[in-house]
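Raw contents of run.cif, mmCIF, C-alpha atoms:
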```cif
data_structure
#
loop_
_atom_site.group_PDB
_atom_site.id
_atom_site.type_symbol
_atom_site.label_atom_id
_atom_site.label_comp_id
_atom_site.auth_asym_id
_atom_site.auth_seq_id
_atom_site.Cartn_x
_atom_site.Cartn_y
_atom_site.Cartn_z
ATOM 1 C CA MET A 186 148.693 77.649 117.557
ATOM 2 C CA PHE A 187 152.378 78.125 116.664
ATOM 3 C CA LYS A 188 151.962 75.563 113.887
ATOM 4 C CA ALA A 189 148.988 77.537 112.622
ATOM 5 C CA LEU A 190 151.032 80.758 112.566
ATOM 6 C CA ALA A 191 154.072 79.125 110.971
ATOM 7 C CA ASP A 192 152.569 79.190 107.474
ATOM 8 C CA PRO A 193 152.755 82.430 105.419
ATOM 9 C CA THR A 194 149.415 81.793 103.658
ATOM 10 C CA ARG A 195 147.706 81.370 107.014
ATOM 11 C CA ARG A 196 149.302 84.592 108.279
ATOM 12 C CA ALA A 197 148.002 86.362 105.149
ATOM 13 C CA ILE A 198 144.502 85.005 105.898
ATOM 14 C CA LEU A 199 144.735 86.527 109.396
ATOM 15 C CA ASP A 200 145.954 89.846 107.886
ATOM 16 C CA GLU A 201 142.922 89.989 105.603
ATOM 17 C CA LEU A 202 140.490 89.078 108.394
ATOM 18 C CA GLN A 203 142.108 91.757 110.541
ATOM 19 C CA GLU A 204 141.232 94.280 107.828
ATOM 20 C CA ARG A 205 137.662 93.032 107.518
ATOM 21 C CA ASN A 206 136.028 90.480 109.743
ATOM 22 C CA GLY A 207 133.251 88.184 108.558
ATOM 23 C CA GLN A 208 134.460 87.106 105.125
ATOM 24 C CA THR A 209 133.184 84.302 102.932
ATOM 25 C CA LEU A 210 135.608 81.720 101.570
ATOM 26 C CA PHE A 211 135.230 83.360 98.149
ATOM 27 C CA GLU A 212 136.218 86.815 99.390
ATOM 28 C CA LEU A 213 139.256 85.398 101.194
ATOM 29 C CA CYS A 214 140.381 83.504 98.089
ATOM 30 C CA VAL A 215 140.064 86.602 95.879
ATOM 31 C CA ARG A 216 141.914 88.766 98.416
ATOM 32 C CA LEU A 217 144.768 86.255 98.743
ATOM 33 C CA MET A 218 145.088 86.084 94.971
ATOM 34 C CA SER A 219 144.730 89.779 94.127
ATOM 35 C CA ARG A 220 146.638 91.251 97.072
ATOM 36 C CA HIS A 221 149.187 88.589 97.994
ATOM 37 C CA GLY A 222 149.648 86.793 94.683
ATOM 38 C CA LEU A 223 148.647 83.545 96.404
ATOM 39 C CA GLY A 224 146.898 81.445 93.788
ATOM 40 C CA SER A 225 146.106 78.555 96.129
ATOM 41 C CA SER A 226 143.055 76.450 95.318
ATOM 42 C CA ARG A 227 139.809 76.966 97.170
ATOM 43 C CA GLN A 228 140.311 73.547 98.780
ATOM 44 C CA ALA A 229 143.768 74.555 100.008
ATOM 45 C CA ILE A 230 142.463 77.791 101.536
ATOM 46 C CA SER A 231 139.623 75.850 103.113
ATOM 47 C CA GLN A 232 142.168 73.488 104.720
ATOM 48 C CA HIS A 233 144.209 76.452 105.975
ATOM 49 C CA LEU A 234 141.023 77.811 107.559
ATOM 50 C CA ASP A 235 140.440 74.440 109.255
ATOM 51 C CA VAL A 236 143.919 74.648 110.830
ATOM 52 C CA LEU A 237 143.306 78.241 111.976
ATOM 53 C CA GLU A 238 139.926 77.233 113.370
ATOM 54 C CA ALA A 239 141.474 74.295 115.281
ATOM 55 C CA ALA A 240 143.960 76.772 116.798
ATOM 56 C CA GLY A 241 141.069 79.018 117.849
ATOM 57 C CA LEU A 242 142.274 81.923 115.692
ATOM 58 C CA VAL A 243 139.347 81.786 113.270
ATOM 59 C CA ILE A 244 135.709 81.226 114.090
ATOM 60 C CA THR A 245 133.313 80.013 111.403
ATOM 61 C CA ARG A 246 129.826 81.384 111.664
ATOM 62 C CA ARG A 247 126.819 80.105 109.704
ATOM 63 C CA GLU A 248 124.191 82.703 108.956
ATOM 64 C CA GLY A 249 121.302 81.203 107.044
ATOM 65 C CA ARG A 250 122.709 79.943 103.753
ATOM 66 C CA TYR A 251 125.993 81.836 104.112
ATOM 67 C CA LYS A 252 129.178 80.975 105.981
ATOM 68 C CA PHE A 253 131.450 83.730 107.340
ATOM 69 C CA HIS A 254 134.898 83.606 108.941
ATOM 70 C CA ASP A 255 135.848 85.816 111.885
ATOM 71 C CA LEU A 256 139.254 86.503 113.427
ATOM 72 C CA ASP A 257 139.664 85.713 117.123
ATOM 73 C CA THR A 258 142.842 87.151 118.632
ATOM 74 C CA ALA A 259 142.171 85.747 122.124
ATOM 75 C CA PRO A 260 144.735 82.901 121.732
ATOM 76 C CA LEU A 261 147.384 85.510 120.804
ATOM 77 C CA ARG A 262 146.826 87.226 124.121
ATOM 78 C CA ALA A 263 148.283 84.143 125.829
ATOM 79 C CA ILE A 264 151.576 84.919 124.033
ATOM 80 C CA THR A 265 151.664 88.554 125.124
ATOM 81 C CA ASP A 266 150.650 87.586 128.666
ATOM 82 C CA ARG A 267 153.458 85.035 128.897
ATOM 83 C CA TRP A 268 156.321 87.034 127.391
ATOM 84 C CA VAL A 269 155.537 90.619 126.428
ATOM 85 C CA ALA A 270 153.562 91.648 129.492
ATOM 86 C CA THR A 271 156.094 89.971 131.843
ATOM 87 C CA SER A 272 159.090 91.719 130.291
ATOM 88 C CA GLN A 273 157.283 95.058 130.369
ATOM 89 C CA ARG A 274 156.627 94.578 134.066
ATOM 90 C CA ARG A 275 160.313 93.943 134.658
ATOM 91 C CA LYS A 276 161.282 97.145 132.821
ATOM 92 C CA ARG A 277 159.175 99.221 135.141
ATOM 93 C CA MET B 68 142.598 78.464 64.581
ATOM 94 C CA GLY B 69 141.192 81.554 66.284
ATOM 95 C CA ARG B 70 140.077 84.615 64.413
ATOM 96 C CA ASN B 71 142.403 87.473 65.154
ATOM 97 C CA LYS B 72 140.896 90.295 63.132
ATOM 98 C CA PRO B 73 137.846 91.923 64.725
ATOM 99 C CA GLU B 74 136.178 92.486 61.348
ATOM 100 C CA GLU B 75 135.944 88.741 60.739
ATOM 101 C CA LYS B 76 132.632 87.232 61.760
ATOM 102 C CA ALA B 77 133.016 85.810 65.254
ATOM 103 C CA LEU B 78 130.619 84.141 67.644
ATOM 104 C CA LYS B 79 128.677 86.581 69.781
ATOM 105 C CA ILE B 80 127.421 86.184 73.340
ATOM 106 C CA VAL B 81 123.735 86.952 72.874
ATOM 107 C CA VAL B 82 122.231 85.317 75.961
ATOM 108 C CA THR B 83 123.653 84.258 79.288
ATOM 109 C CA SER B 84 121.586 82.838 82.107
ATOM 110 C CA VAL B 85 121.074 82.685 85.825
ATOM 111 C CA LEU B 86 119.221 79.756 87.469
ATOM 112 C CA VAL B 87 116.290 81.101 89.501
ATOM 113 C CA ASP B 88 113.912 79.335 91.875
ATOM 114 C CA ASP B 89 110.878 81.394 90.754
ATOM 115 C CA GLN B 90 110.699 83.269 87.452
ATOM 116 C CA GLU B 91 108.096 85.839 88.520
ATOM 117 C CA LYS B 92 109.977 86.670 91.730
ATOM 118 C CA ALA B 93 113.193 86.862 89.706
ATOM 119 C CA LEU B 94 111.623 89.242 87.189
ATOM 120 C CA GLN B 95 110.527 91.555 90.013
ATOM 121 C CA PHE B 96 113.986 91.536 91.606
ATOM 122 C CA TYR B 97 116.024 91.889 88.423
ATOM 123 C CA THR B 98 113.813 94.750 87.111
ATOM 124 C CA ASN B 99 112.377 96.620 90.115
ATOM 125 C CA VAL B 100 115.384 96.250 92.403
ATOM 126 C CA LEU B 101 118.406 95.869 90.117
ATOM 127 C CA GLY B 102 116.996 98.089 87.359
ATOM 128 C CA PHE B 103 117.168 95.843 84.288
ATOM 129 C CA VAL B 104 114.268 95.926 81.812
ATOM 130 C CA LYS B 105 112.272 92.989 80.451
ATOM 131 C CA LYS B 106 113.153 92.072 76.863
ATOM 132 C CA GLU B 107 111.594 88.714 75.948
ATOM 133 C CA ASP B 108 108.729 86.923 77.667
ATOM 134 C CA ILE B 109 107.622 83.896 75.677
ATOM 135 C CA PRO B 110 105.375 81.206 77.177
ATOM 136 C CA MET B 111 106.927 77.735 76.825
ATOM 137 C CA GLY B 112 104.149 75.705 78.456
ATOM 138 C CA GLY B 113 104.982 76.298 82.116
ATOM 139 C CA PRO B 114 108.383 77.944 82.183
ATOM 140 C CA ARG B 115 108.858 81.118 80.145
ATOM 141 C CA TRP B 116 111.676 82.285 77.896
ATOM 142 C CA LEU B 117 112.200 85.309 80.087
ATOM 143 C CA THR B 118 115.095 87.699 79.520
ATOM 144 C CA VAL B 119 116.149 91.099 80.826
ATOM 145 C CA VAL B 120 118.643 93.636 79.493
ATOM 146 C CA SER B 121 120.423 96.689 80.802
ATOM 147 C CA PRO B 122 118.528 99.917 79.988
ATOM 148 C CA GLN B 123 121.939 101.322 78.954
ATOM 149 C CA ASP B 124 122.340 98.586 76.358
ATOM 150 C CA PRO B 125 118.896 97.325 75.267
ATOM 151 C CA ASN B 126 120.345 95.500 72.248
ATOM 152 C CA GLY B 127 123.183 94.025 74.253
ATOM 153 C CA THR B 128 123.578 90.651 75.926
ATOM 154 C CA GLU B 129 120.352 89.337 77.419
ATOM 155 C CA LEU B 130 120.162 87.669 80.810
ATOM 156 C CA LEU B 131 117.873 84.638 80.777
ATOM 157 C CA LEU B 132 116.020 84.040 84.046
ATOM 158 C CA GLU B 133 116.099 80.277 83.748
ATOM 159 C CA PRO B 134 114.162 77.907 86.055
ATOM 160 C CA ASP B 135 116.368 75.814 88.362
ATOM 161 C CA ALA B 136 113.988 72.832 88.266
ATOM 162 C CA HIS B 137 116.695 70.242 87.530
ATOM 163 C CA PRO B 138 117.413 68.274 90.744
ATOM 164 C CA ALA B 139 121.153 68.923 90.399
ATOM 165 C CA ALA B 140 120.655 72.694 90.430
ATOM 166 C CA LYS B 141 119.711 73.196 94.070
ATOM 167 C CA PRO B 142 122.654 71.347 95.694
ATOM 168 C CA PHE B 143 124.980 73.187 93.290
ATOM 169 C CA LYS B 144 123.488 76.581 94.130
ATOM 170 C CA ASP B 145 123.501 75.870 97.879
ATOM 171 C CA ALA B 146 127.181 74.880 97.792
ATOM 172 C CA MET B 147 128.104 78.010 95.839
ATOM 173 C CA VAL B 148 126.223 80.263 98.260
ATOM 174 C CA ALA B 149 127.725 78.578 101.351
ATOM 175 C CA ASP B 150 131.224 79.361 100.058
ATOM 176 C CA GLY B 151 130.199 82.884 99.004
ATOM 177 C CA ILE B 152 130.825 82.276 95.293
ATOM 178 C CA PRO B 153 128.889 84.517 92.904
ATOM 179 C CA TYR B 154 127.098 82.859 89.980
ATOM 180 C CA THR B 155 127.794 85.759 87.633
ATOM 181 C CA SER B 156 129.014 89.334 87.620
ATOM 182 C CA PHE B 157 127.594 92.668 86.410
ATOM 183 C CA GLY B 158 129.509 95.846 85.674
ATOM 184 C CA VAL B 159 128.798 99.121 87.453
ATOM 185 C CA ASP B 160 130.231 102.637 87.043
ATOM 186 C CA ASP B 161 130.199 103.548 90.735
ATOM 187 C CA ILE B 162 130.236 100.546 93.024
ATOM 188 C CA GLN B 163 129.954 102.501 96.266
ATOM 189 C CA ALA B 164 126.831 104.337 95.049
ATOM 190 C CA GLU B 165 125.331 101.098 93.746
ATOM 191 C CA PHE B 166 126.095 99.337 97.025
ATOM 192 C CA GLU B 167 124.361 102.091 99.010
ATOM 193 C CA ARG B 168 121.361 102.087 96.659
ATOM 194 C CA LEU B 169 120.876 98.308 96.787
ATOM 195 C CA LYS B 170 121.453 98.117 100.524
ATOM 196 C CA GLY B 171 118.833 100.829 100.951
ATOM 197 C CA ALA B 172 116.448 98.681 98.897
ATOM 198 C CA GLY B 173 116.930 95.836 101.380
ATOM 199 C CA VAL B 174 119.405 93.785 99.348
ATOM 200 C CA GLN B 175 121.607 91.552 101.486
ATOM 201 C CA PHE B 176 125.357 91.650 100.807
ATOM 202 C CA THR B 177 127.776 88.836 101.671
ATOM 203 C CA GLN B 178 130.705 91.037 100.640
ATOM 204 C CA GLU B 179 130.765 94.806 100.890
ATOM 205 C CA PRO B 180 132.835 96.680 98.281
ATOM 206 C CA ALA B 181 136.510 95.679 98.444
ATOM 207 C CA ALA B 182 139.416 96.569 96.155
ATOM 208 C CA MET B 183 140.730 93.414 94.482
ATOM 209 C CA GLY B 184 143.670 94.498 92.350
ATOM 210 C CA PRO B 185 142.364 96.341 89.266
ATOM 211 C CA VAL B 186 138.680 95.938 90.221
ATOM 212 C CA THR B 187 136.484 96.724 93.174
ATOM 213 C CA THR B 188 133.847 94.093 93.794
ATOM 214 C CA ALA B 189 130.882 93.401 96.044
ATOM 215 C CA VAL B 190 128.606 90.356 96.307
ATOM 216 C CA PHE B 191 124.875 90.242 97.085
ATOM 217 C CA ASP B 192 122.000 87.747 97.302
ATOM 218 C CA ASP B 193 119.543 87.831 94.369
ATOM 219 C CA THR B 194 116.746 86.276 96.526
ATOM 220 C CA CYS B 195 116.394 83.542 93.883
ATOM 221 C CA GLY B 196 119.096 81.264 95.263
ATOM 222 C CA ASN B 197 122.224 82.938 93.873
ATOM 223 C CA LEU B 198 124.958 85.298 94.864
ATOM 224 C CA ILE B 199 125.761 87.957 92.272
ATOM 225 C CA GLN B 200 128.919 90.044 91.999
ATOM 226 C CA ILE B 201 129.058 93.657 90.904
ATOM 227 C CA ALA B 202 132.386 94.999 89.728
ATOM 228 C CA GLN B 203 133.833 98.398 88.928
ATOM 229 C CA ARG B 204 136.999 98.579 86.879
ATOM 230 C CA ALA B 205 139.500 101.110 88.137
#
```

Write out the structure in this file as structure tokens.
Amino acid sequence: MFKALADPTRRAILDELQERNGQTLFELCVRLMSRHGLGSSRQAISQHLDVLEAAGLVITRREGRYKFHDLDTAPLRAITDRWVATSQRRKR
Amino acid sequence: MGRNKPEEKALKIVVTSVLVDDQEKALQFYTNVLGFVKKEDIPMGGPRWLTVVSPQDPNGTELLLEPDAHPAAKPFKDAMVADGIPYTSFGVDDIQAEFERLKGAGVQFTQEPAAMGPVTTAVFDDTCGNLIQIAQRA
């Protein structure tokens, strides 16, 4: 998961999915280009999505002929549980 | 060399096309749902030379509803749809109003209106095997 988060393009993908869940590959590519100036190829974005999916941060959902990508923040909760929540407990 | 002066005779885009799985179904969708009007309908022995135009620009570019009978067409269209890529794009004055109108008419969207730099776009299914983008310039 840390490897997945280490790449700025992949973090931008998560930002865009945070704003709107359930995007097609096309919508993600256009958003990355028009809002982040990231002119990566469709193949490159697709590979980034594969890495995010392997880390459990993105879920790909097939609906009929379409394919949508959803954000799943559950793996990030493991980080907050391990460090953030523990340190907050100590402060109390 | 390109022609730089607009008054010089240049090529014009008269017809563009979209590959449809059924011409009659396409005609119904592109006229009754989208609101284009039929321009040409010429029998060609099976398939028709079937075009529609915008009622705002009846002498403007025609959209040919072209049969997708070639075996290469279907895998191409399926791959485009799976990745959410629109086949072509139409201009609208008010994308939010158009989105609401089409959604109300049962049109399925794969992308709701989203600002993409200088344009706001949305993408819907034309029921004939394609995704189509609508775009409003800011």

Margin query: Quick check on the file I pasted: which residues fall under the PyMOL selection byres ((chain A) within 9 of (chain B))? Write them as an MDAnalysis selection string.
Written below: chainID A and resid 207:212 215:216 218:220 247 249:253

Based on the selection just made, write C-alpha atoms of those residues as a compact mmCIF listing (two decimals), in the frame of the given file.
```
# COMPACT_ATOMS: atom_id res chain seq x y z
CA GLY A 207 133.25 88.18 108.56
CA GLN A 208 134.46 87.11 105.12
CA THR A 209 133.18 84.30 102.93
CA LEU A 210 135.61 81.72 101.57
CA PHE A 211 135.23 83.36 98.15
CA GLU A 212 136.22 86.82 99.39
CA VAL A 215 140.06 86.60 95.88
CA ARG A 216 141.91 88.77 98.42
CA MET A 218 145.09 86.08 94.97
CA SER A 219 144.73 89.78 94.13
CA ARG A 220 146.64 91.25 97.07
CA ARG A 247 126.82 80.10 109.70
CA GLY A 249 121.30 81.20 107.04
CA ARG A 250 122.71 79.94 103.75
CA TYR A 251 125.99 81.84 104.11
CA LYS A 252 129.18 80.97 105.98
CA PHE A 253 131.45 83.73 107.34
```

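With all atoms listed in the file as the atoms that count, the residue of B:Pro142, B:Gly127, B:Gly173, B:Pro134 with the shortest distance to Ser84 (chain B) is B:Pro134.
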
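CA of Glu248 (chain A) is found 23.6 Å from CA of Arg195 (chain A).
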
> Taking (136.4, 80.3, 110.6) in the file's coordinates as the center, which residues reach within 8 Å of it, counting all atoms listed in the file, put as a PyMOL selection string?
Replying inline: chain A and resi 234-235+237-238+242-246+253-256

List as a short mmCIF file (atom, residue, chain, number, x, y, z; two decimals) with C-alpha atoms, in the coordinates of the input the protein and nucleic acid residues near Gln175 (chain B), meaning an atom at most 9 Å away when all atoms listed in the file are counted, but skip any in the same chain fewer than 3 places from it.
```cif
data_model
loop_
_atom_site.label_atom_id
_atom_site.label_comp_id
_atom_site.auth_asym_id
_atom_site.auth_seq_id
_atom_site.Cartn_x
_atom_site.Cartn_y
_atom_site.Cartn_z
CA LEU B 169 120.88 98.31 96.79
CA LYS B 170 121.45 98.12 100.52
CA VAL B 190 128.61 90.36 96.31
CA PHE B 191 124.88 90.24 97.08
CA ASP B 192 122.00 87.75 97.30
CA ASP B 193 119.54 87.83 94.37
CA THR B 194 116.75 86.28 96.53
#
```

The residue from B:Lys76, B:Asp88, B:Thr118, B:Arg204 with the smallest atom-to-atom distance to Ala140 (chain B), counting only C-alpha atoms, is B:Asp88

Run the PyMOL selection byres ((chain B and resi 157) around 10) on the file and write out the hits as number ranges by chain.
B: 121, 155-156, 158-159, 188, 199-203

re CA of Met111 (chain B) and CA of Glu133 (chain B): distance 11.8 Å

Practice prompt. Please provide as a PyMOL selection string all residues within 10 Å of Leu132 (chain B), with the sequence filter that same-chain residues fewer than 2 positions apart are discarded (counting all atoms listed in the file).
Written response: chain B and resi 83-91+93-94+97+114-119+129-130+134-135+195

Can you tell me, as lines of an AutoDock Vina configuration file, the centre and edge lengths (Å, one decimal) of the axis-aligned box enclosing all of region 257-265 of chain A's listed atoms after padding each side by 5 Å?
```
center_x = 145.7
center_y = 85.7
center_z = 121.5
size_x = 22.0
size_y = 15.7
size_z = 18.7
```

Notebook entry, point to check: Mind telling me what the PyMOL selection byres ((chain B and resi 101) around 10) catches here, as a PyMOL selection string?
Noted result: chain B and resi 94-100+102-104+121+165+168-169+172+174+193

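In this model, the gap between CA of Thr258 (chain A) and CA of Asp200 (chain A) comes to 11.5 Å.
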
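The smallest atom-to-atom distance between His221 (chain A) and any of A:Pro193, A:Gln203, A:Gly241, A:Asp266, using all atoms listed in the file, is found for A:Pro193.
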